[in-house]
file run_5.txt (compact mmCIF, C-alpha atoms)
# COMPACT_ATOMS: atom_id res chain seq x y z
CA MET A 1 3.01 4.67 21.24
CA ALA A 2 1.85 6.37 18.06
CA ARG A 3 4.35 7.83 15.66
CA ARG A 4 4.45 11.62 15.67
CA ARG A 5 3.99 13.27 12.32
CA PRO A 6 5.56 16.57 11.33
CA MET A 7 3.23 19.56 11.14
CA ALA A 8 3.76 19.80 7.37
CA ASP A 9 2.27 16.31 6.93
CA MET A 10 -0.79 17.28 8.92
CA LEU A 11 -1.47 20.29 6.69
CA ARG A 12 -1.48 18.37 3.41
CA PRO A 13 -4.83 18.54 1.62
CA THR A 14 -5.21 14.76 1.47
CA THR A 15 -4.60 14.47 5.21
CA VAL A 16 -7.15 17.18 5.98
CA ILE A 17 -9.73 15.62 3.63
CA ARG A 18 -9.13 12.15 5.09
CA ALA A 19 -9.59 13.47 8.63
CA GLN A 20 -12.81 15.28 7.66
CA ALA A 21 -14.12 12.18 5.88
CA PHE A 22 -13.52 9.94 8.86
CA ARG A 23 -14.82 12.43 11.41
CA LYS A 24 -17.92 13.65 9.54
CA GLY A 25 -18.64 10.59 7.41
CA LEU A 26 -17.82 7.44 9.35
CA LEU A 27 -18.27 8.84 12.84
CA GLY A 28 -20.94 11.37 11.85
CA LYS A 29 -24.01 11.17 9.65
CA ASN A 30 -23.03 13.14 6.57
CA PRO A 31 -23.55 10.97 3.44
CA PHE A 32 -21.21 13.07 1.27
CA TRP A 33 -18.25 12.63 3.62
CA ARG A 34 -19.14 8.95 4.13
CA THR A 35 -18.85 8.44 0.37
CA ILE A 36 -15.49 10.22 0.32
CA ALA A 37 -14.27 8.05 3.22
CA MET A 38 -15.36 4.86 1.47
CA LEU A 39 -13.61 5.93 -1.74
CA MET A 40 -10.39 6.64 0.15
CA ILE A 41 -10.55 3.33 2.00
CA SER A 42 -11.33 1.36 -1.17
CA LYS A 43 -8.50 3.11 -3.07
CA ARG A 44 -6.02 2.15 -0.37
CA MET A 45 -7.28 -1.46 -0.30
CA MET A 46 -7.10 -1.76 -4.09
CA LYS A 47 -3.57 -0.35 -4.10
CA ARG A 48 -2.50 -2.74 -1.36
CA THR A 49 -4.09 -5.72 -3.12
CA PHE A 50 -3.08 -5.07 -6.72
CA GLY A 51 -0.29 -2.50 -6.47
CA LYS A 52 2.75 -4.55 -5.55
CA THR A 53 3.15 -7.56 -7.77
CA PRO A 54 6.30 -9.64 -7.47
CA GLU A 55 8.58 -9.64 -10.50
CA ILE A 56 9.67 -13.04 -11.86
CA ILE A 57 13.45 -13.06 -12.10
CA GLU A 58 14.19 -16.53 -13.43
CA VAL A 59 12.29 -19.64 -14.44
CA ALA A 60 14.38 -22.73 -15.01
CA THR A 61 12.94 -25.71 -16.92
CA MET A 62 14.75 -29.04 -16.87
CA LYS A 63 14.15 -31.85 -19.30
CA GLY A 64 13.61 -35.39 -18.15
CA GLY A 65 11.98 -36.76 -15.03
CA GLY A 66 12.90 -36.57 -11.37
CA HIS A 67 14.27 -33.04 -11.49
CA TRP A 68 13.52 -30.31 -9.01
CA MET A 69 12.43 -26.95 -10.38
CA GLU A 70 12.45 -23.87 -8.20
CA ILE A 71 10.82 -20.58 -9.12
CA ARG A 72 11.90 -17.55 -7.12
CA THR A 73 10.19 -14.19 -7.06
CA TYR A 74 11.43 -11.10 -5.33
CA SER A 75 8.96 -8.56 -4.05
CA PRO A 76 9.63 -4.91 -4.80
CA GLN A 77 11.43 -3.16 -1.98
CA SER A 78 9.50 -0.88 0.28
CA ARG A 79 10.30 2.80 0.38
CA ARG A 80 11.95 2.42 3.79
CA ALA A 81 14.16 -0.43 2.53
CA ARG A 82 15.22 1.61 -0.52
CA ARG A 83 16.13 4.52 1.76
CA ARG A 84 18.22 2.27 4.01
CA GLY A 85 20.06 0.88 1.01
CA ALA A 86 20.82 4.35 -0.37
CA SER A 87 22.67 5.56 2.70

call {"tool": "encode", "arguments": {"input": "run_5.txt", "output": "structure tokens"}}
result
Amino acid sequence: MARRRPMADMLRPTTVIRAQAFRKGLLGKNPFWRTIAMLMISKRMMKRTFGKTPEIIEVATMKGGGHWMEIRTYSPQSRRARRRGAS
């Protein structure tokens, strides 16, 4: 079942523009709205691809042979995880 959004979220300008772009551009034949839809989709894909880069916490180098080196990275917490940790 789809998540219900509050009415305030549905009235945001970006939500209205996104809905228009998908309805008139991708499902319709309007080239202006199709361009807007493609820009919004590409922005989201670029943000998802390049936005969250893991931060290197520690790199340990051992001298000599036969040693095991482990590099750990921790991804940034999502907004939901930060909210859970705050309460």

call {"tool": "closest_residue", "arguments": {"input": "run_5.txt", "among": "A:Ile56, A:Pro6, A:Phe32, A:Thr49", "to": "Arg72 (chain A)", "atoms": "only C-alpha atoms"}}
result
A:Ile56

call {"tool": "atom_distance", "arguments": {"input": "run_5.txt", "atom1": "CA of Ala8 (chain A)", "atom2": "CA of Ser42 (chain A)"}}
result
25.3 Å

call {"tool": "residues_around", "arguments": {"input": "run_5.txt", "residues": "Thr35 (chain A)", "least_positions_apart": "6", "cutoff": "10 Å", "atoms": "only C-alpha atoms", "output": "VMD selection string"}}
result
chain A and resid 21 25 to 26 41

call {"tool": "atom_distance", "arguments": {"input": "run_5.txt", "atom1": "CA of Gln20 (chain A)", "atom2": "CA of Leu39 (chain A)"}}
result
13.3 Å

call {"tool": "atom_distance", "arguments": {"input": "run_5.txt", "atom1": "CA of Ala19 (chain A)", "atom2": "CA of Met40 (chain A)"}}
result
10.9 Å

call {"tool": "residues_around", "arguments": {"input": "run_5.txt", "residues": "Ile57 (chain A)", "least_positions_apart": "5", "cutoff": "12 Å", "atoms": "all atoms listed in the file", "output": "list in words"}}
result
Glu70, Ile71, Arg72, Thr73, Tyr74, Ser75 and Pro76 of chain A

call {"tool": "build_atoms", "arguments": {"input": "run_5.txt", "residues": "region 36-65 of chain A", "atoms": "N, CA and C atoms", "output": "mmCIF file, in the coordinates of the input"}}
result
data_model
loop_
_atom_site.group_PDB
_atom_site.id
_atom_site.type_symbol
_atom_site.label_atom_id
_atom_site.label_comp_id
_atom_site.auth_asym_id
_atom_site.auth_seq_id
_atom_site.Cartn_x
_atom_site.Cartn_y
_atom_site.Cartn_z
ATOM 1 N N ILE A 36 -16.904 9.880 0.483
ATOM 2 C CA ILE A 36 -15.490 10.220 0.320
ATOM 3 C C ILE A 36 -14.620 9.261 1.130
ATOM 4 N N ALA A 37 -15.032 8.972 2.370
ATOM 5 C CA ALA A 37 -14.270 8.050 3.220
ATOM 6 C C ALA A 37 -14.213 6.664 2.601
ATOM 7 N N MET A 38 -15.332 6.188 2.086
ATOM 8 C CA MET A 38 -15.360 4.860 1.470
ATOM 9 C C MET A 38 -14.484 4.817 0.215
ATOM 10 N N LEU A 39 -14.476 5.890 -0.556
ATOM 11 C CA LEU A 39 -13.610 5.930 -1.740
ATOM 12 C C LEU A 39 -12.139 5.901 -1.339
ATOM 13 N N MET A 40 -11.789 6.631 -0.293
ATOM 14 C CA MET A 40 -10.390 6.640 0.150
ATOM 15 C C MET A 40 -9.972 5.278 0.696
ATOM 16 N N ILE A 41 -10.859 4.649 1.449
ATOM 17 C CA ILE A 41 -10.550 3.330 2.000
ATOM 18 C C ILE A 41 -10.427 2.303 0.876
ATOM 19 N N SER A 42 -11.372 2.347 -0.083
ATOM 20 C CA SER A 42 -11.330 1.360 -1.170
ATOM 21 C C SER A 42 -10.101 1.581 -2.061
ATOM 22 N N LYS A 43 -9.698 2.842 -2.271
ATOM 23 C CA LYS A 43 -8.500 3.110 -3.070
ATOM 24 C C LYS A 43 -7.275 2.509 -2.402
ATOM 25 N N ARG A 44 -7.168 2.685 -1.099
ATOM 26 C CA ARG A 44 -6.020 2.150 -0.370
ATOM 27 C C ARG A 44 -6.018 0.619 -0.404
ATOM 28 N N MET A 45 -7.203 0.005 -0.267
ATOM 29 C CA MET A 45 -7.280 -1.460 -0.300
ATOM 30 C C MET A 45 -6.940 -1.997 -1.689
ATOM 31 N N MET A 46 -7.405 -1.326 -2.730
ATOM 32 C CA MET A 46 -7.100 -1.760 -4.090
ATOM 33 C C MET A 46 -5.594 -1.636 -4.367
ATOM 34 N N LYS A 47 -5.000 -0.548 -3.901
ATOM 35 C CA LYS A 47 -3.570 -0.350 -4.100
ATOM 36 C C LYS A 47 -2.764 -1.404 -3.363
ATOM 37 N N ARG A 48 -3.199 -1.731 -2.146
ATOM 38 C CA ARG A 48 -2.500 -2.740 -1.360
ATOM 39 C C ARG A 48 -2.653 -4.117 -1.986
ATOM 40 N N THR A 49 -3.834 -4.406 -2.546
ATOM 41 C CA THR A 49 -4.090 -5.720 -3.120
ATOM 42 C C THR A 49 -3.410 -5.894 -4.474
ATOM 43 N N PHE A 50 -3.545 -4.913 -5.353
ATOM 44 C CA PHE A 50 -3.080 -5.070 -6.720
ATOM 45 C C PHE A 50 -1.830 -4.256 -7.054
ATOM 46 N N GLY A 51 -1.374 -3.418 -6.155
ATOM 47 C CA GLY A 51 -0.290 -2.500 -6.470
ATOM 48 C C GLY A 51 1.076 -3.142 -6.533
ATOM 49 N N LYS A 52 1.410 -3.982 -5.600
ATOM 50 C CA LYS A 52 2.750 -4.550 -5.550
ATOM 51 C C LYS A 52 2.718 -5.991 -6.020
ATOM 52 N N THR A 53 3.102 -6.205 -7.248
ATOM 53 C CA THR A 53 3.150 -7.560 -7.770
ATOM 54 C C THR A 53 4.609 -7.993 -7.858
ATOM 55 N N PRO A 54 4.914 -9.194 -7.398
ATOM 56 C CA PRO A 54 6.300 -9.640 -7.470
ATOM 57 C C PRO A 54 6.760 -9.802 -8.926
ATOM 58 N N GLU A 55 8.010 -9.534 -9.167
ATOM 59 C CA GLU A 55 8.580 -9.640 -10.500
ATOM 60 C C GLU A 55 9.316 -10.979 -10.606
ATOM 61 N N ILE A 56 9.026 -11.746 -11.662
ATOM 62 C CA ILE A 56 9.670 -13.040 -11.860
ATOM 63 C C ILE A 56 11.066 -12.789 -12.419
ATOM 64 N N ILE A 57 12.065 -13.278 -11.713
ATOM 65 C CA ILE A 57 13.450 -13.060 -12.100
ATOM 66 C C ILE A 57 13.946 -14.167 -13.026
ATOM 67 N N GLU A 58 13.661 -15.411 -12.655
ATOM 68 C CA GLU A 58 14.190 -16.530 -13.430
ATOM 69 C C GLU A 58 13.243 -17.716 -13.320
ATOM 70 N N VAL A 59 13.047 -18.393 -14.425
ATOM 71 C CA VAL A 59 12.290 -19.640 -14.440
ATOM 72 C C VAL A 59 13.158 -20.660 -15.147
ATOM 73 N N ALA A 60 13.506 -21.710 -14.444
ATOM 74 C CA ALA A 60 14.380 -22.730 -15.010
ATOM 75 C C ALA A 60 13.532 -23.977 -15.311
ATOM 76 N N THR A 61 13.645 -24.495 -16.529
ATOM 77 C CA THR A 61 12.940 -25.710 -16.920
ATOM 78 C C THR A 61 13.968 -26.781 -17.241
ATOM 79 N N MET A 62 13.809 -27.956 -16.644
ATOM 80 C CA MET A 62 14.750 -29.040 -16.870
ATOM 81 C C MET A 62 14.037 -30.173 -17.593
ATOM 82 N N LYS A 63 14.738 -30.772 -18.535
ATOM 83 C CA LYS A 63 14.150 -31.850 -19.300
ATOM 84 C C LYS A 63 14.385 -33.168 -18.569
ATOM 85 N N GLY A 64 13.478 -34.084 -18.800
ATOM 86 C CA GLY A 64 13.610 -35.390 -18.150
ATOM 87 C C GLY A 64 12.772 -35.446 -16.870
ATOM 88 N N GLY A 65 12.774 -36.601 -16.243
ATOM 89 C CA GLY A 65 11.980 -36.760 -15.030
ATOM 90 C C GLY A 65 12.840 -36.714 -13.784
#
